[in-house]
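Below is one structure, written out as structure tokens; the observations come after it.
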Amino acid sequence: MSSVAQTAVAPIRLSVVRWVGFRTIVLREYRRIIRIWAQTIVPSVVSAVLYFAIFGSLVGRRIGSMDGFDYRQYIAPGLIMMAVITNSYGNVVASFFGAKFGKHVEELLVSPLPNWVIVGGYAVGGVVRGVLVGAAVTAVSLVFTHLQVHHPLVVLGALLLTSLTFALGGFLNALFAKNFDQVNWIPAFVLTPLTYFGGVFYSVSLLPDWARHLSFANPILYMVNAFRYGFLGVSDVDVGAAFALMTAAALVLYALAVLLMYRGTGIRE
């Protein structure tokens, strides 16, 4: 009888509850990505094919080599990173805003999960999509050009940190968004221009001085070049500085997202 009583009042291990909650959020995001793969993975693959066909083959013939590499080989890491950025961001902003719009975010808020676990779960879900799409675009790139990884840890680190940074950025966008139009504002008017001017298709050494100095204020330039350095061994920026920037950005955005969740910004209004 005493053993039954002890079992009934056994304390709940919060660490287990938090792990189960975190894992559930990540698995739900993964299953959503796979279930609608035609919307989450295929568009980036098609876009990569078009970029290689138009920029790589047609324009690339006129450009020739870039930093000693075939043009298609040079832009391949940039195209992979561009897909990772847009998909990591898009996955979280769409998923969390959908939870707000559908009112089932309230179930998370009343659960025993702390806000830092909720933010982490959605962020990792965005990283999962970024990695899946990045792998798919890499496979497409290998059809058009040859990629040899010079620094595997640099490739992996840049991929994960960039994906995490923009996944957290997507979470912040979802917090502040009040309608579907506001969900699309940042990707359309901020993310896309910064990506295209982030050294995906060119080396900043080709730019005039004023444009080159202006480019160094673009954080995506550092992410793309760190990733390119991992593949090709060349970079327009200091790779150490790029990793410092990515790490700082991820930490600041995570702390800000958790703080806003505690304040109830965008979810209790």
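Identifiers in this document derive from the order of the structure tokens: chains are assigned A, B, ..., residues are numbered from 1 separately in each chain, and ligands are numbered from 1 in order of occurrence.
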Tell me, which residues of segment 23-128 of chain A carry DSSP strand (DSSP E), written as a VMD selection string? chain A and resid 65 to 66 69 to 70
Selection file, all heavy atoms, as a PDB file, in the first residue's frame:
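Here's the written file selection14.pdb:
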```pdb
ATOM      1  N   SER A  65      35.806  32.991 -65.195  1.00  0.00           N
ATOM      2  CA  SER A  65      36.111  32.508 -63.847  1.00  0.00           C
ATOM      3  C   SER A  65      35.904  33.623 -62.823  1.00  0.00           C
ATOM      4  O   SER A  65      35.926  34.809 -63.147  1.00  0.00           O
ATOM      5  CB  SER A  65      37.540  31.987 -63.781  1.00  0.00           C
ATOM      6  OG  SER A  65      38.459  33.040 -64.032  1.00  0.00           O
ATOM      7  N   MET A  66      35.716  33.213 -61.578  1.00  0.00           N
ATOM      8  CA  MET A  66      35.565  34.152 -60.466  1.00  0.00           C
ATOM      9  C   MET A  66      36.467  33.680 -59.336  1.00  0.00           C
ATOM     10  O   MET A  66      36.294  32.561 -58.820  1.00  0.00           O
ATOM     11  CB  MET A  66      34.099  34.181 -60.013  1.00  0.00           C
ATOM     12  CG  MET A  66      33.801  35.216 -58.929  1.00  0.00           C
ATOM     13  SD  MET A  66      33.640  36.910 -59.569  1.00  0.00           S
ATOM     14  CE  MET A  66      32.130  36.762 -60.529  1.00  0.00           C
ATOM     15  N   PHE A  69      37.842  30.240 -59.968  1.00  0.00           N
ATOM     16  CA  PHE A  69      36.927  29.109 -60.065  1.00  0.00           C
ATOM     17  C   PHE A  69      35.930  29.327 -61.192  1.00  0.00           C
ATOM     18  O   PHE A  69      35.599  30.465 -61.541  1.00  0.00           O
ATOM     19  CB  PHE A  69      36.164  28.918 -58.746  1.00  0.00           C
ATOM     20  CG  PHE A  69      37.030  28.540 -57.584  1.00  0.00           C
ATOM     21  CD1 PHE A  69      37.549  29.520 -56.736  1.00  0.00           C
ATOM     22  CD2 PHE A  69      37.346  27.211 -57.337  1.00  0.00           C
ATOM     23  CE1 PHE A  69      38.355  29.180 -55.667  1.00  0.00           C
ATOM     24  CE2 PHE A  69      38.151  26.858 -56.271  1.00  0.00           C
ATOM     25  CZ  PHE A  69      38.658  27.841 -55.443  1.00  0.00           C
ATOM     26  N   ASP A  70      35.478  28.217 -61.749  1.00  0.00           N
ATOM     27  CA  ASP A  70      34.390  28.290 -62.714  1.00  0.00           C
ATOM     28  C   ASP A  70      33.198  28.994 -62.078  1.00  0.00           C
ATOM     29  O   ASP A  70      32.917  28.794 -60.881  1.00  0.00           O
ATOM     30  CB  ASP A  70      33.992  26.872 -63.150  1.00  0.00           C
ATOM     31  CG  ASP A  70      32.807  26.870 -64.096  1.00  0.00           C
ATOM     32  OD1 ASP A  70      32.985  27.212 -65.269  1.00  0.00           O
ATOM     33  OD2 ASP A  70      31.693  26.536 -63.619  1.00  0.00           O
TER      34      ASP A  70
END
```
Can you pull out the residues contacting segment 183-191 of chain A? Cut-off 7 Å, using only C-alpha atoms, and skip same-chain residues under 3 positions away; I want them as a ChimeraX atom specification. /A:93,173-174,177,179-180,194-195
Put those residues in a file: N, CA and C atoms, as a PDB file, in the first residue's frame.
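Written out: part_13.pdb:
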```pdb
ATOM      1  N   VAL A  93       8.393  31.468 -39.379  1.00  0.00           N
ATOM      2  CA  VAL A  93       7.407  32.545 -39.419  1.00  0.00           C
ATOM      3  C   VAL A  93       6.044  32.013 -39.811  1.00  0.00           C
ATOM      4  N   ASN A 173       9.570  37.763 -36.347  1.00  0.00           N
ATOM      5  CA  ASN A 173       8.613  38.269 -37.331  1.00  0.00           C
ATOM      6  C   ASN A 173       7.209  37.756 -37.027  1.00  0.00           C
ATOM      7  N   ALA A 174       7.105  36.472 -36.682  1.00  0.00           N
ATOM      8  CA  ALA A 174       5.805  35.881 -36.372  1.00  0.00           C
ATOM      9  C   ALA A 174       5.200  36.479 -35.111  1.00  0.00           C
ATOM     10  N   ALA A 177       3.897  40.019 -36.200  1.00  0.00           N
ATOM     11  CA  ALA A 177       2.943  40.061 -37.315  1.00  0.00           C
ATOM     12  C   ALA A 177       1.505  39.978 -36.809  1.00  0.00           C
ATOM     13  N   ASN A 179      -1.078  40.086 -39.308  1.00  0.00           N
ATOM     14  CA  ASN A 179      -1.819  39.492 -40.415  1.00  0.00           C
ATOM     15  C   ASN A 179      -0.818  38.856 -41.379  1.00  0.00           C
ATOM     16  N   PHE A 180      -1.354  38.183 -42.394  1.00  0.00           N
ATOM     17  CA  PHE A 180      -0.487  37.460 -43.326  1.00  0.00           C
ATOM     18  C   PHE A 180       0.365  38.395 -44.172  1.00  0.00           C
ATOM     19  N   LEU A 194      18.881  41.870 -49.267  1.00  0.00           N
ATOM     20  CA  LEU A 194      20.143  41.599 -48.582  1.00  0.00           C
ATOM     21  C   LEU A 194      20.809  40.338 -49.117  1.00  0.00           C
ATOM     22  N   THR A 195      19.992  39.346 -49.474  1.00  0.00           N
ATOM     23  CA  THR A 195      20.546  38.096 -50.004  1.00  0.00           C
ATOM     24  C   THR A 195      21.172  38.314 -51.374  1.00  0.00           C
TER      25      THR A 195
END
```
If we count only C-alpha atoms and set the cut-off at 9 Å, which residues sit around Gly266 of chain A, ignoring sequence neighbours fewer than 6 positions away in its own chain? Please answer as a list of chain:residue names.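 Using only C-alpha atoms, the neighbours found are A:Lys100, A:Ala174, A:Leu175, A:Phe176, A:Ala177, A:Lys178, A:Leu260.
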Find the distance between atom CA of Trp37 of chain A and atom CA of Gly169 of chain A and write it in Å to one decimal. 22.5 Å
When DSSP works through the backbone of this structure, what residues of segment 62-205 of chain A end up as alpha helix (DSSP H), shown as a ChimeraX atom specification? /A:62-63,71-101,105-109,115-144,152-176,180-186,192-196
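Minimum atom-to-atom distance to Phe231 of chain A, evaluated using only C-alpha atoms, belongs to A:Leu153 out of A:Leu153, A:Val16, A:Val128, A:Ile34.
In this model, the gap between atom CA of Gly264 of chain A and atom CA of Phe22 of chain A comes to 19.8 Å.
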Phe171 of chain A surroundings by only C-alpha atoms, 9 Å radius, close-in-sequence under 3 positions cut, as a PyMOL selection string: chain A and resi 89+92-97+119+122-123+166-168+174-176+257
Please produce a file of the residues just selected, as a compact mmCIF listing (two decimals), in the first residue's frame, where the atoms kept are N, CA and C atoms.
```
# COMPACT_ATOMS: atom_id res chain seq x y z
N TYR A 89 13.98 30.79 -42.30
CA TYR A 89 13.15 31.93 -41.90
C TYR A 89 11.68 31.64 -42.17
N VAL A 92 9.69 28.99 -39.80
CA VAL A 92 9.30 29.40 -38.46
C VAL A 92 8.23 30.49 -38.50
N VAL A 93 8.39 31.47 -39.38
CA VAL A 93 7.41 32.55 -39.42
C VAL A 93 6.04 32.01 -39.81
N ALA A 94 6.00 31.07 -40.75
CA ALA A 94 4.71 30.51 -41.17
C ALA A 94 4.12 29.62 -40.09
N SER A 95 4.95 28.80 -39.47
CA SER A 95 4.46 27.84 -38.48
C SER A 95 3.96 28.54 -37.22
N PHE A 96 4.76 29.46 -36.67
CA PHE A 96 4.36 30.09 -35.42
C PHE A 96 3.22 31.08 -35.63
N PHE A 97 3.24 31.80 -36.75
CA PHE A 97 2.11 32.69 -37.01
C PHE A 97 0.84 31.88 -37.23
N VAL A 119 10.70 28.48 -27.79
CA VAL A 119 11.49 29.18 -28.81
C VAL A 119 12.53 28.25 -29.42
N TYR A 122 10.87 25.66 -31.93
CA TYR A 122 10.54 26.23 -33.25
C TYR A 122 11.81 26.57 -34.03
N ALA A 123 12.84 27.08 -33.34
CA ALA A 123 14.09 27.42 -34.02
C ALA A 123 14.75 26.18 -34.62
N PHE A 166 18.44 32.78 -38.80
CA PHE A 166 17.26 33.21 -39.55
C PHE A 166 15.99 32.52 -39.09
N ALA A 167 16.12 31.35 -38.50
CA ALA A 167 14.96 30.72 -37.89
C ALA A 167 14.46 31.57 -36.72
N LEU A 168 15.38 32.08 -35.91
CA LEU A 168 15.02 32.96 -34.81
C LEU A 168 14.47 34.29 -35.33
N ALA A 174 7.11 36.47 -36.68
CA ALA A 174 5.80 35.88 -36.37
C ALA A 174 5.20 36.48 -35.11
N LEU A 175 6.04 36.82 -34.13
CA LEU A 175 5.53 37.43 -32.91
C LEU A 175 4.88 38.77 -33.18
N PHE A 176 5.53 39.59 -33.99
CA PHE A 176 5.04 40.94 -34.23
C PHE A 176 3.95 41.01 -35.31
N ALA A 257 13.91 36.83 -28.37
CA ALA A 257 12.67 36.07 -28.59
C ALA A 257 12.11 35.55 -27.27
```
Nearest to Gly56 of chain A by atom-to-atom distance, counting only C-alpha atoms, from A:Ile80, A:Glu106, A:Phe144, A:Ile118: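 Ranked by minimum distance to Gly56 of chain A, first place goes to A:Phe144.
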Skipping near chain neighbours, those fewer than 4 positions away, what residues fall within 8 Å of Phe227 of chain A using only C-alpha atoms, listed as a ChimeraX atom specification? /A:77-78,81,154-155,158-159,223,231
Tell me, as a ChimeraX atom specification, which residues lie within 12 Å of Arg31 of chain A, counting only C-alpha atoms; anything in the same chain fewer than 4 positions away does not count. /A:24-27,35-37,40,125,128-129
Export N, CA and C atoms of the chosen residues as a PDB file, in the first residue's frame?
```pdb
ATOM      1  N   THR A  24       8.680  17.090 -29.159  1.00  0.00           N
ATOM      2  CA  THR A  24       7.375  17.082 -29.830  1.00  0.00           C
ATOM      3  C   THR A  24       7.253  18.229 -30.818  1.00  0.00           C
ATOM      4  N   ILE A  25       7.708  19.420 -30.417  1.00  0.00           N
ATOM      5  CA  ILE A  25       7.662  20.575 -31.325  1.00  0.00           C
ATOM      6  C   ILE A  25       8.517  20.322 -32.563  1.00  0.00           C
ATOM      7  N   VAL A  26       9.732  19.814 -32.348  1.00  0.00           N
ATOM      8  CA  VAL A  26      10.638  19.569 -33.472  1.00  0.00           C
ATOM      9  C   VAL A  26      10.083  18.496 -34.406  1.00  0.00           C
ATOM     10  N   LEU A  27       9.562  17.402 -33.843  1.00  0.00           N
ATOM     11  CA  LEU A  27       8.998  16.333 -34.669  1.00  0.00           C
ATOM     12  C   LEU A  27       7.776  16.804 -35.434  1.00  0.00           C
ATOM     13  N   ARG A  35       5.379  16.317 -44.938  1.00  0.00           N
ATOM     14  CA  ARG A  35       4.023  16.113 -45.446  1.00  0.00           C
ATOM     15  C   ARG A  35       3.729  17.029 -46.639  1.00  0.00           C
ATOM     16  N   ILE A  36       4.225  18.264 -46.584  1.00  0.00           N
ATOM     17  CA  ILE A  36       3.972  19.208 -47.680  1.00  0.00           C
ATOM     18  C   ILE A  36       5.284  19.499 -48.419  1.00  0.00           C
ATOM     19  N   TRP A  37       6.052  18.429 -48.704  1.00  0.00           N
ATOM     20  CA  TRP A  37       7.365  18.583 -49.326  1.00  0.00           C
ATOM     21  C   TRP A  37       7.307  19.332 -50.650  1.00  0.00           C
ATOM     22  N   THR A  40       7.579  22.860 -49.422  1.00  0.00           N
ATOM     23  CA  THR A  40       8.696  23.234 -48.560  1.00  0.00           C
ATOM     24  C   THR A  40      10.071  22.963 -49.164  1.00  0.00           C
ATOM     25  N   GLY A 125      13.223  23.484 -35.455  1.00  0.00           N
ATOM     26  CA  GLY A 125      12.382  23.090 -36.589  1.00  0.00           C
ATOM     27  C   GLY A 125      12.762  23.839 -37.852  1.00  0.00           C
ATOM     28  N   VAL A 128      15.964  22.398 -39.163  1.00  0.00           N
ATOM     29  CA  VAL A 128      15.726  21.121 -39.844  1.00  0.00           C
ATOM     30  C   VAL A 128      15.340  21.373 -41.300  1.00  0.00           C
ATOM     31  N   ARG A 129      14.422  22.297 -41.510  1.00  0.00           N
ATOM     32  CA  ARG A 129      14.034  22.580 -42.904  1.00  0.00           C
ATOM     33  C   ARG A 129      15.193  23.187 -43.682  1.00  0.00           C
TER      34      ARG A 129
END
```
Quick one: pull the distance between atom CA of Ala99 of chain A and atom CA of Val117 of chain A, Å, one decimal.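 Separation of atom CA of Ala99 of chain A and atom CA of Val117 of chain A: 16.0 Å.
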Nearest-residue call for Thr138 of chain A, choices A:Leu251, A:Ser88, A:Leu79, A:Thr192, using only C-alpha atoms: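 Closest residue, counting only C-alpha atoms: A:Leu79.
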Extract, using only C-alpha atoms, all DNA, RNA and protein residues at most 9 Å from Pro112 of chain A, discarding same-chain residues fewer than 5 positions from it, and format them as a VMD selection string. chain A and resid 14 17 to 18 21
Please produce a file of the residues just selected, as an mmCIF file, in the first residue's frame, where the atoms kept are N, CA, C and O atoms.
```
data_model
loop_
_atom_site.group_PDB
_atom_site.id
_atom_site.type_symbol
_atom_site.label_atom_id
_atom_site.label_comp_id
_atom_site.auth_asym_id
_atom_site.auth_seq_id
_atom_site.Cartn_x
_atom_site.Cartn_y
_atom_site.Cartn_z
ATOM 1 N N LEU A 14 10.973 17.730 -14.242
ATOM 2 C CA LEU A 14 10.754 18.805 -15.206
ATOM 3 C C LEU A 14 11.659 18.673 -16.418
ATOM 4 O O LEU A 14 11.276 19.047 -17.530
ATOM 5 N N VAL A 17 9.913 16.460 -18.832
ATOM 6 C CA VAL A 17 8.780 17.159 -19.433
ATOM 7 C C VAL A 17 9.260 18.125 -20.510
ATOM 8 O O VAL A 17 8.696 18.203 -21.610
ATOM 9 N N ARG A 18 10.312 18.857 -20.188
ATOM 10 C CA ARG A 18 10.837 19.838 -21.148
ATOM 11 C C ARG A 18 11.411 19.155 -22.377
ATOM 12 O O ARG A 18 11.229 19.630 -23.503
ATOM 13 N N GLY A 21 8.521 17.908 -24.508
ATOM 14 C CA GLY A 21 7.889 19.028 -25.190
ATOM 15 C C GLY A 21 8.726 19.557 -26.341
ATOM 16 O O GLY A 21 8.220 19.817 -27.440
#
```
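In terms of minimum interatomic distance to Tyr254 of chain A, A:Thr165 ranks closest within A:Gln73, A:Asn225, A:Ser203, A:Thr165, counting only C-alpha atoms.
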For Val127 of chain A, the closest of A:Ala48, A:Ala76, A:Leu160, A:Met246 counting only C-alpha atoms is A:Leu160
Out of A:Val84, A:Leu142, A:Leu109, A:Val46, which residue has the shortest atom-to-atom distance to Arg72 of chain A when counting only C-alpha atoms? A:Leu142
